[in-house]
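Student: Structure in structure tokens, see below.
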Amino acid sequence: MSIRFWAVVPAAGKGERMGTALPKQYLSINGRTVAEHTLRRLLAFARFRAVLVAVAVDDPWFAQLSVASDPRVRSCVGGSDRAQSVMNALAALAGEAADDDFVLVHDIARPCVRLSDIAGLVEQVGNDAVGGILACRATDTVKQATVDGRVDKTLARADVWLAATPQMFRYGLLRDALVAAISAGVVVTDEAQAVELFGRAPRLVVGASDNIKITRPDDLALAAFWLQRQQDRKWREDGER
Ligand code: CTP
Ligand code: MG
């Protein structure tokens, strides 16, 4: 049987750093919610068999989105942290997904992800034994801090990357790595970290730096800018054809 692709979208966060009553994934940018922008980007990748969204148990907003009725969109209940939300989505696919299938996990809060970067990740990681993630090289010099807020050391900038999403792994490996991390009580902040703790080294694939994660209030304006710019470019390029 041929390998299938699944998208998993953790969307059960409360967006505490955003500080709004409405979780950040339901705030509007350029006339659409963040969640709709993000899910439409994922749906544009035709190879996804389904896009599984993990939403908070008490979330009244998700079902009202127009994308929620897309035949490829499904939802499940999220968990108490991101890893648990992803785990719940993987559990919802058990029985349907094979261990060798690929899962691409993407934050609901990254609405600017480019279709070309999703395709690039699939292209570059499709034959990798471990899997890989979209990431950008650090442009700032990165300091590791001591507990009392002093510089402990400077990391070699050439070796520092900022992890983004999607993060792409085989279904079986991702499930086993997350189960191991969760049962060891380690709070991982992305899927790659679970895979690293499992003793494997995910590949780093360079992605566009406009794939920002909306975290704080200023990020909304930044995302609006990038979405508009991508739209303008697309029209210009389509017009040139
Ligand atoms: N997430 C999730 N389940 C949780 C916590 C987070 O599915 N229990 C998701 C978020 O919805 C988001 C992604 O994980 O898509 C990345 O998390 P983050 O940017 O930290 O979002 P929040 O946890 O919502 O924000 P904050 O940490 O500021 O509260
Ligand atoms: Mg969080």
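Just so we're on the same page: first chain in the structure tokens is A, next is B, and so on; residues restart at 1 for each chain, and ligands are numbered from 1 in the order they show up.
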Find the residues of stretch 48-155 of chain A that sit at most 10 Å from stretch 210-216 of chain A; for each, write down the nearest two atoms and how far apart they are in Å, to one decimal. Count only C-alpha atoms. Sort by chain, then by number going up, and give it as a Markdown table.
Tutor:
```
| residue | atom | partner | partner_atom | distance |
| --- | --- | --- | --- | --- |
| A:Asp107 | CA | A:Lys213 | CA | 7.7 |
| A:Ile108 | CA | A:Lys213 | CA | 8.6 |
| A:Ala109 | CA | A:Ile214 | CA | 5.3 |
| A:Arg110 | CA | A:Lys213 | CA | 4.7 |
| A:Pro111 | CA | A:Asn211 | CA | 7.4 |
| A:Cys112 | CA | A:Asn211 | CA | 5.1 |
| A:Val113 | CA | A:Asn211 | CA | 4.9 |
| A:Arg114 | CA | A:Asn211 | CA | 7.5 |
| A:Asp117 | CA | A:Asn211 | CA | 9.4 |
| A:Leu134 | CA | A:Asn211 | CA | 9.3 |
| A:Ala135 | CA | A:Asn211 | CA | 9.3 |
| A:Cys136 | CA | A:Asn211 | CA | 9.5 |
```
Student: Taking only C-alpha atoms and all ligand atoms into account, which residues have an atom no farther than 10 Å from ligand 2? I'd like them as a ChimeraX atom specification.
Tutor: /A:12-17,81-82,189,215
Student: May I have the residues from that selection written out with N, CA and C atoms, as a tab-separated table (two decimals), in the first residue's frame?
Tutor:
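The resulting again.tsv:
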```tsv
chain	number	residue	atom	x	y	z
A	12	ALA	N	-5.45	23.42	20.72
A	12	ALA	CA	-6.17	23.41	21.99
A	12	ALA	C	-5.58	24.38	23.01
A	13	GLY	N	-4.65	25.25	22.55
A	13	GLY	CA	-4.03	26.20	23.48
A	13	GLY	C	-4.97	27.36	23.80
A	14	LYS	N	-4.65	28.03	24.90
A	14	LYS	CA	-5.48	29.17	25.33
A	14	LYS	C	-4.90	30.50	24.87
A	15	GLY	N	-3.66	30.50	24.40
A	15	GLY	CA	-3.04	31.74	23.95
A	15	GLY	C	-2.85	32.74	25.08
A	16	GLU	N	-2.29	32.27	26.18
A	16	GLU	CA	-2.15	33.15	27.36
A	16	GLU	C	-1.25	34.34	27.11
A	17	ARG	N	-0.19	34.16	26.34
A	17	ARG	CA	0.72	35.30	26.10
A	17	ARG	C	0.09	36.36	25.22
A	81	ASP	N	-1.40	19.66	27.40
A	81	ASP	CA	-0.28	20.38	26.77
A	81	ASP	C	-0.20	19.96	25.31
A	82	ARG	N	0.69	20.63	24.60
A	82	ARG	CA	0.77	20.41	23.16
A	82	ARG	C	1.01	18.94	22.80
A	189	THR	N	8.45	20.69	23.90
A	189	THR	CA	7.75	21.83	23.29
A	189	THR	C	7.56	21.65	21.79
A	215	THR	N	2.19	34.73	18.73
A	215	THR	CA	2.33	34.47	20.17
A	215	THR	C	1.89	35.67	20.99
```
Student: Could you pull out the alpha helix (DSSP H) residues of stretch 128-205 of chain A, going by DSSP on the backbone, and write them as a PyMOL selection string?
Tutor: chain A and resi 171-183+191-197
Student: Give me a file of those residues, with all heavy atoms, as a compact mmCIF listing (two decimals), in the first residue's frame.
Tutor:
```txt
# COMPACT_ATOMS: atom_id res chain seq x y z
N TYR A 171 4.35 8.00 11.28
CA TYR A 171 3.33 7.86 12.32
C TYR A 171 3.83 7.02 13.50
O TYR A 171 3.70 7.42 14.67
CB TYR A 171 2.06 7.25 11.70
CG TYR A 171 0.95 7.01 12.69
CD1 TYR A 171 0.06 8.02 13.01
CD2 TYR A 171 0.79 5.76 13.29
CE1 TYR A 171 -0.96 7.80 13.94
CE2 TYR A 171 -0.23 5.54 14.20
CZ TYR A 171 -1.10 6.56 14.52
OH TYR A 171 -2.10 6.34 15.43
N GLY A 172 4.41 5.86 13.23
CA GLY A 172 4.81 4.94 14.30
C GLY A 172 5.92 5.52 15.17
O GLY A 172 5.87 5.43 16.40
N LEU A 173 6.91 6.14 14.54
CA LEU A 173 8.02 6.73 15.30
C LEU A 173 7.52 7.88 16.18
O LEU A 173 7.87 7.98 17.36
CB LEU A 173 9.11 7.23 14.34
CG LEU A 173 10.24 8.06 15.00
CD1 LEU A 173 11.02 7.24 16.01
CD2 LEU A 173 11.19 8.64 13.94
N LEU A 174 6.68 8.75 15.60
CA LEU A 174 6.19 9.90 16.36
C LEU A 174 5.36 9.43 17.56
O LEU A 174 5.53 9.94 18.69
CB LEU A 174 5.37 10.81 15.45
CG LEU A 174 4.84 12.09 16.11
CD1 LEU A 174 5.97 12.93 16.67
CD2 LEU A 174 4.03 12.91 15.10
N ARG A 175 4.50 8.47 17.34
CA ARG A 175 3.68 7.94 18.44
C ARG A 175 4.57 7.36 19.54
O ARG A 175 4.42 7.70 20.71
CB ARG A 175 2.73 6.86 17.90
CG ARG A 175 1.87 6.19 18.95
CD ARG A 175 1.38 4.83 18.46
NE ARG A 175 2.52 4.02 18.04
CZ ARG A 175 2.50 3.15 17.02
NH1 ARG A 175 1.42 2.95 16.32
NH2 ARG A 175 3.58 2.46 16.71
N ASP A 176 5.53 6.52 19.15
CA ASP A 176 6.39 5.88 20.16
C ASP A 176 7.22 6.91 20.92
O ASP A 176 7.40 6.81 22.13
CB ASP A 176 7.30 4.84 19.50
CG ASP A 176 6.51 3.67 18.94
OD1 ASP A 176 5.29 3.56 19.23
OD2 ASP A 176 7.10 2.86 18.19
N ALA A 177 7.71 7.92 20.20
CA ALA A 177 8.55 8.95 20.84
C ALA A 177 7.72 9.80 21.80
O ALA A 177 8.17 10.13 22.90
CB ALA A 177 9.20 9.83 19.77
N LEU A 178 6.50 10.14 21.40
CA LEU A 178 5.64 10.95 22.29
C LEU A 178 5.21 10.14 23.51
O LEU A 178 5.20 10.66 24.62
CB LEU A 178 4.41 11.47 21.53
CG LEU A 178 4.65 12.66 20.59
CD1 LEU A 178 3.41 12.95 19.76
CD2 LEU A 178 5.06 13.91 21.37
N VAL A 179 4.88 8.89 23.30
CA VAL A 179 4.50 8.04 24.44
C VAL A 179 5.66 7.98 25.44
O VAL A 179 5.48 8.12 26.65
CB VAL A 179 4.10 6.62 23.97
CG1 VAL A 179 4.06 5.64 25.14
CG2 VAL A 179 2.75 6.66 23.27
N ALA A 180 6.89 7.81 24.92
CA ALA A 180 8.06 7.73 25.80
C ALA A 180 8.26 9.04 26.56
O ALA A 180 8.51 9.02 27.78
CB ALA A 180 9.30 7.39 24.98
N ALA A 181 8.14 10.18 25.87
CA ALA A 181 8.35 11.47 26.53
C ALA A 181 7.28 11.72 27.59
O ALA A 181 7.59 12.12 28.72
CB ALA A 181 8.34 12.61 25.50
N ILE A 182 6.03 11.45 27.23
CA ILE A 182 4.93 11.70 28.16
C ILE A 182 5.06 10.78 29.38
O ILE A 182 4.93 11.23 30.52
CB ILE A 182 3.55 11.52 27.46
CG1 ILE A 182 3.34 12.66 26.44
CG2 ILE A 182 2.41 11.49 28.47
CD1 ILE A 182 2.17 12.45 25.48
N SER A 183 5.39 9.52 29.16
CA SER A 183 5.46 8.63 30.32
C SER A 183 6.70 8.89 31.17
O SER A 183 6.72 8.57 32.36
CB SER A 183 5.32 7.16 29.92
OG SER A 183 6.23 6.86 28.92
N GLU A 191 7.58 18.29 18.50
CA GLU A 191 7.64 16.85 18.24
C GLU A 191 9.10 16.41 18.07
O GLU A 191 9.48 15.32 18.50
CB GLU A 191 6.84 16.49 16.98
CG GLU A 191 5.35 16.65 17.13
CD GLU A 191 4.92 18.09 17.43
OE1 GLU A 191 5.33 19.00 16.68
OE2 GLU A 191 4.21 18.30 18.42
N ALA A 192 9.91 17.28 17.45
CA ALA A 192 11.31 16.93 17.23
C ALA A 192 11.99 16.60 18.56
O ALA A 192 12.78 15.67 18.66
CB ALA A 192 12.04 18.07 16.51
N GLN A 193 11.66 17.37 19.60
CA GLN A 193 12.29 17.14 20.91
C GLN A 193 11.97 15.74 21.43
O GLN A 193 12.84 15.07 22.01
CB GLN A 193 11.83 18.21 21.90
CG GLN A 193 12.66 18.21 23.18
CD GLN A 193 12.13 19.19 24.22
OE1 GLN A 193 11.20 19.95 23.96
NE2 GLN A 193 12.74 19.18 25.39
N ALA A 194 10.75 15.29 21.22
CA ALA A 194 10.40 13.93 21.64
C ALA A 194 11.23 12.92 20.85
O ALA A 194 11.74 11.93 21.42
CB ALA A 194 8.90 13.69 21.43
N VAL A 195 11.39 13.16 19.56
CA VAL A 195 12.16 12.24 18.71
C VAL A 195 13.64 12.26 19.11
O VAL A 195 14.31 11.23 19.16
CB VAL A 195 11.94 12.59 17.22
CG1 VAL A 195 12.87 11.78 16.32
CG2 VAL A 195 10.48 12.35 16.82
N GLU A 196 14.15 13.46 19.46
CA GLU A 196 15.55 13.58 19.93
C GLU A 196 15.75 12.75 21.19
O GLU A 196 16.74 12.02 21.33
CB GLU A 196 15.89 15.03 20.27
CG GLU A 196 15.95 16.00 19.10
CD GLU A 196 15.61 17.43 19.54
OE1 GLU A 196 16.07 17.87 20.60
OE2 GLU A 196 14.85 18.09 18.82
N LEU A 197 14.81 12.90 22.15
CA LEU A 197 14.92 12.16 23.41
C LEU A 197 14.83 10.66 23.18
O LEU A 197 15.30 9.86 23.97
CB LEU A 197 13.81 12.60 24.39
CG LEU A 197 13.93 14.04 24.89
CD1 LEU A 197 12.66 14.46 25.61
CD2 LEU A 197 15.15 14.18 25.82
```
Student: Taking only C-alpha atoms and all ligand atoms into account, which of A:Ser66, A:Gln228, A:Gln84, A:Asn30 comes nearest ligand 1?
Tutor: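 Closest candidate: A:Gln84.
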Student: Name all residues at most 9 Å from A:Val57 (count only C-alpha atoms; drop same-chain ones fewer than 6 positions away) and give them as a list in words.
Tutor: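 Returned residues: Ala12, Cys76, Val77, Gly78 and Gly79 of chain A.
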Student: Just want the 6 Å neighbourhood of A:Pro202, counted on only C-alpha atoms, with same-chain residues fewer than 2 positions away dropped. Output as a PyMOL selection string.
Tutor: chain A and resi 130-132
Student: Can I get the selection written as a CSV table (one decimal), in the first residue's frame, with N, CA, C and O atoms?
Tutor:
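Listed below is the output, result06.csv:
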```csv
chain,number,residue,atom,x,y,z
A,130,VAL,N,14.6,9.2,9.7
A,130,VAL,CA,14.1,9.8,10.9
A,130,VAL,C,12.9,10.7,10.7
A,130,VAL,O,11.9,10.6,11.4
A,131,GLY,N,13.0,11.7,9.8
A,131,GLY,CA,12.0,12.7,9.7
A,131,GLY,C,12.7,14.1,9.8
A,131,GLY,O,13.9,14.1,10.0
A,132,GLY,N,11.9,15.1,9.7
A,132,GLY,CA,12.6,16.4,9.8
A,132,GLY,C,11.6,17.6,10.0
A,132,GLY,O,10.4,17.3,10.1
```
Student: Pick out the closest residue to A:Ala224 from this set: A:Ala158, A:Val103, A:Met168, A:Val34. Count only C-alpha atoms.
Tutor: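 Under the stated criterion, the closest residue is A:Val34.
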Student: Which is closer to A:Gly185 than all the others in A:Ala201, A:Ala83, A:Met18, A:Ala46, using only C-alpha atoms?
Tutor: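 Closest to A:Gly185 of all the choices is A:Ala83.
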Student: Please give the complete set of residues from stretch 184-228 of chain A that DSSP, run on the backbone, assigns to strand (DSSP E), formatted as a ChimeraX atom specification.
Tutor: /A:203-206
Student: From the options A:Ala50, A:Ala63, A:Leu204, A:Val105, which residue's atoms come nearest to ligand 1, counting only C-alpha atoms and all ligand atoms?
Tutor: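 Among the listed residues, A:Val105 lies closest to ligand 1.
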Student: Quick one: of A:Val187, A:Val160, A:Ala97, A:Ile29, who's nearest to A:Leu220, counting only C-alpha atoms?
Tutor: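 Residue with the minimum atom-to-atom distance to A:Leu220: A:Ile29.
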Student: Mind giving me the straight-line distance from atom CA of A:Gln231 to atom CA of A:Arg40 in Å, one decimal?
Tutor: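 For atom CA of A:Gln231 relative to atom CA of A:Arg40, the distance reads 13.5 Å.
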Student: In Å to one decimal, how far is atom CA of A:Arg203 from atom CA of A:Ala35?
Tutor: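 Calculated distance between atom CA of A:Ala35 and atom CA of A:Arg203 is 27.2 Å.
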Student: Point out the residue among A:Phe225, A:Glu123, A:Val8, A:Val147 with the least atom-to-atom distance to A:Pro166, counting only C-alpha atoms.
Tutor: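 Of all the options, A:Val8 lies closest to A:Pro166.
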